Amino acid sequence: MNKDLYTAMKERRSIYAIGKRKVVPESRVQEIVQYAALHVPSPFNSQSSRTVVLFGGESSAFWDIVRAELKKIVTAEAFAKTEEKLAGFDSGYGTVLFFEDQSVVKGLMDNFPLYADNFPVWSLESNGMLEYAIWLGLESEGLGASLQHYNPLVDEAVRAKWKLPESWKLLAQMPFGSVEAPAGTKEFQPVETRVWTFGL
């Protein structure tokens, strides 16, 4: 499919009805994630973002972890609705996990003390750009995705399951798959109230 940038930006939405139909091969998803990781900007070119791409049973294992951790804190009455929501995220054929390597961020803070307070913020900005770039890449190939945040509830179990470094801080999760139902209508505030331009 490979939509142009403007079309992908316009059509990118949070898609919750995802399925396991193979729109593109797993290798194409891996290529999108790797390309974004290489080219998304980062403070001082620190390249502190980390991603873990999970397919098939590995993706389901992540949502099993989320389910188990939530079961500890959600009441039995409310859990049926929670489980239904999680089943939706697990109904696709993959999940991208987004991390920031705190050892890199701390190194920047130590080496450039004048900017120390800014590096944690800049790190999050860089990760946000990575999330968006990957989301656009998935959209451009006809895949649906959404962005979820079950961290820090699941952090310890995720680290243990995939033997990830302690310094990797989980920030977001992106379940993806074939689009089984479109997103609803999106309403826009007047762009003139959100973008001010001077000098034209």
# chains A, B, ... in the order shown; residues from 1 in each chain; ligands from 1

call {"tool": "closest_atom_pairs", "arguments": {"of": "segment 48-165 of chain A", "to": "segment 2-18 of chain A", "cutoff": "8 Å", "atoms": "only C-alpha atoms", "output": "Markdown table"}}
result
| residue | atom | partner | partner_atom | distance |
| --- | --- | --- | --- | --- |
| A:Gly88 | CA | A:Ala17 | CA | 6.7 |
| A:Phe89 | CA | A:Tyr16 | CA | 7.0 |
| A:Ser91 | CA | A:Ile18 | CA | 6.1 |
| A:Gly92 | CA | A:Ile18 | CA | 5.1 |
| A:Trp135 | CA | A:Arg12 | CA | 7.4 |
| A:Leu136 | CA | A:Ala8 | CA | 5.8 |
| A:Gly137 | CA | A:Ala8 | CA | 7.9 |
| A:Glu139 | CA | A:Arg12 | CA | 5.8 |
| A:Ser140 | CA | A:Lys3 | CA | 4.6 |
| A:Glu141 | CA | A:Asn2 | CA | 5.0 |
| A:Gly142 | CA | A:Asn2 | CA | 7.7 |
| A:Gly144 | CA | A:Ile15 | CA | 5.2 |
| A:Ala145 | CA | A:Ile15 | CA | 5.2 |
| A:Ser146 | CA | A:Ser14 | CA | 4.5 |
| A:Leu147 | CA | A:Ser14 | CA | 7.3 |

call {"tool": "residues_around", "arguments": {"residues": "segment 52-60 of chain A", "least_positions_apart": "4", "cutoff": "6 Å", "atoms": "only C-alpha atoms", "output": "ChimeraX atom specification"}}
result
/A:90,93-97

call {"tool": "write_last_selection", "arguments": {"atoms": "C-alpha atoms", "output": "mmCIF file, in the first residue's frame"}}
result
data_model
loop_
_atom_site.group_PDB
_atom_site.id
_atom_site.type_symbol
_atom_site.label_atom_id
_atom_site.label_comp_id
_atom_site.auth_asym_id
_atom_site.auth_seq_id
_atom_site.Cartn_x
_atom_site.Cartn_y
_atom_site.Cartn_z
ATOM 1 C CA ASP A 90 -4.322 -9.217 21.881
ATOM 2 C CA TYR A 93 -0.644 -10.061 15.305
ATOM 3 C CA GLY A 94 1.930 -8.000 17.119
ATOM 4 C CA THR A 95 2.872 -5.421 19.718
ATOM 5 C CA VAL A 96 5.704 -2.896 19.789
ATOM 6 C CA LEU A 97 7.090 -2.044 23.236
#

call {"tool": "residues_around", "arguments": {"residues": "Ala80 of chain A", "least_positions_apart": "5", "cutoff": "12 Å", "atoms": "only C-alpha atoms", "output": "list in words"}}
result
Arg67, Leu70, Lys71, Val74, Thr75, Lys85, Leu86 and Ala87 of chain A

call {"tool": "write_last_selection", "arguments": {"atoms": "N, CA and C atoms", "output": "PDB file, in the first residue's frame"}}
result
ATOM      1  N   ARG A  67      -2.742  -8.825  31.761  1.00  0.00           N
ATOM      2  CA  ARG A  67      -3.957  -9.413  32.333  1.00  0.00           C
ATOM      3  C   ARG A  67      -3.694  -9.878  33.774  1.00  0.00           C
ATOM      4  N   LEU A  70      -3.152  -6.822  36.151  1.00  0.00           N
ATOM      5  CA  LEU A  70      -4.392  -6.082  36.408  1.00  0.00           C
ATOM      6  C   LEU A  70      -5.349  -6.878  37.291  1.00  0.00           C
ATOM      7  N   LYS A  71      -5.315  -8.197  37.145  1.00  0.00           N
ATOM      8  CA  LYS A  71      -6.205  -9.044  37.953  1.00  0.00           C
ATOM      9  C   LYS A  71      -5.920  -8.879  39.441  1.00  0.00           C
ATOM     10  N   VAL A  74      -7.715  -5.076  40.035  1.00  0.00           N
ATOM     11  CA  VAL A  74      -9.066  -4.749  39.568  1.00  0.00           C
ATOM     12  C   VAL A  74     -10.066  -5.684  40.258  1.00  0.00           C
ATOM     13  N   THR A  75     -11.178  -5.128  40.689  1.00  0.00           N
ATOM     14  CA  THR A  75     -12.188  -5.954  41.359  1.00  0.00           C
ATOM     15  C   THR A  75     -12.742  -7.009  40.410  1.00  0.00           C
ATOM     16  N   LYS A  85     -11.352  -5.688  27.023  1.00  0.00           N
ATOM     17  CA  LYS A  85     -10.504  -4.656  26.424  1.00  0.00           C
ATOM     18  C   LYS A  85      -9.135  -5.233  26.058  1.00  0.00           C
ATOM     19  N   LEU A  86      -8.556  -6.001  26.963  1.00  0.00           N
ATOM     20  CA  LEU A  86      -7.243  -6.597  26.713  1.00  0.00           C
ATOM     21  C   LEU A  86      -7.299  -7.615  25.577  1.00  0.00           C
ATOM     22  N   ALA A  87      -8.392  -8.336  25.478  1.00  0.00           N
ATOM     23  CA  ALA A  87      -8.552  -9.300  24.384  1.00  0.00           C
ATOM     24  C   ALA A  87      -8.523  -8.589  23.043  1.00  0.00           C
TER      25      ALA A  87
END

call {"tool": "select_by_dssp", "arguments": {"residues": "segment 13-142 of chain A", "states": "alpha helix (DSSP H)", "output": "ChimeraX atom specification"}}
result
/A:26-39,56-71,76-89,102-111,119-140

call {"tool": "residues_around", "arguments": {"residues": "segment 43-49 of chain A", "least_positions_apart": "5", "cutoff": "12 Å", "atoms": "only C-alpha atoms", "output": "PyMOL selection string"}}
result
chain A and resi 33-34+36-38+97-109+111-112+115-116+118-131+167-172

call {"tool": "select_by_dssp", "arguments": {"residues": "chain A", "states": "strand (DSSP E)", "output": "VMD selection string"}}
result
chain A and resid 18 to 19 49 to 55 94 to 101 143 to 145 168 to 179

call {"tool": "write_last_selection", "arguments": {"atoms": "C-alpha atoms", "output": "tab-separated table (two decimals), in the first residue's frame"}}
result
chain	number	residue	atom	x	y	z
A	18	ILE	CA	-7.54	-5.24	14.92
A	19	GLY	CA	-7.11	-8.77	13.61
A	49	SER	CA	15.19	4.84	22.60
A	50	ARG	CA	14.79	1.07	22.61
A	51	THR	CA	12.04	-1.06	21.07
A	52	VAL	CA	10.98	-4.67	21.40
A	53	VAL	CA	8.81	-6.06	18.60
A	54	LEU	CA	6.63	-9.02	19.55
A	55	PHE	CA	4.79	-11.24	17.07
A	94	GLY	CA	1.93	-8.00	17.12
A	95	THR	CA	2.87	-5.42	19.72
A	96	VAL	CA	5.70	-2.90	19.79
A	97	LEU	CA	7.09	-2.04	23.24
A	98	PHE	CA	8.77	1.36	23.62
A	99	PHE	CA	11.54	1.99	26.14
A	100	GLU	CA	14.09	4.65	27.05
A	101	ASP	CA	17.51	3.53	28.25
A	143	LEU	CA	-2.12	-1.74	9.46
A	144	GLY	CA	-4.17	-0.51	12.41
A	145	ALA	CA	-2.62	0.34	15.77
A	168	TRP	CA	15.31	0.14	30.07
A	169	LYS	CA	12.24	2.08	31.22
A	170	LEU	CA	8.98	1.00	29.58
A	171	LEU	CA	6.97	3.97	28.26
A	172	ALA	CA	4.28	2.66	25.91
A	173	GLN	CA	2.88	-0.33	24.06
A	174	MET	CA	1.50	-0.39	20.51
A	175	PRO	CA	-0.69	-3.38	19.57
A	176	PHE	CA	-1.15	-3.64	15.80
A	177	GLY	CA	-2.86	-5.81	13.22
A	178	SER	CA	-5.23	-5.83	10.29
A	179	VAL	CA	-7.97	-3.20	10.40

call {"tool": "atom_distance", "arguments": {"atom1": "atom CA of Asp117 of chain A", "atom2": "atom CA of Val40 of chain A"}}
result
21.8 Å

call {"tool": "closest_residue", "arguments": {"among": "A:Leu153, A:Leu138, A:Val195, A:Val23", "to": "Ile65 of chain A", "atoms": "only C-alpha atoms"}}
result
A:Leu153

call {"tool": "atom_distance", "arguments": {"atom1": "atom CA of Pro165 of chain A", "atom2": "atom CA of Pro41 of chain A"}}
result
22.7 Å
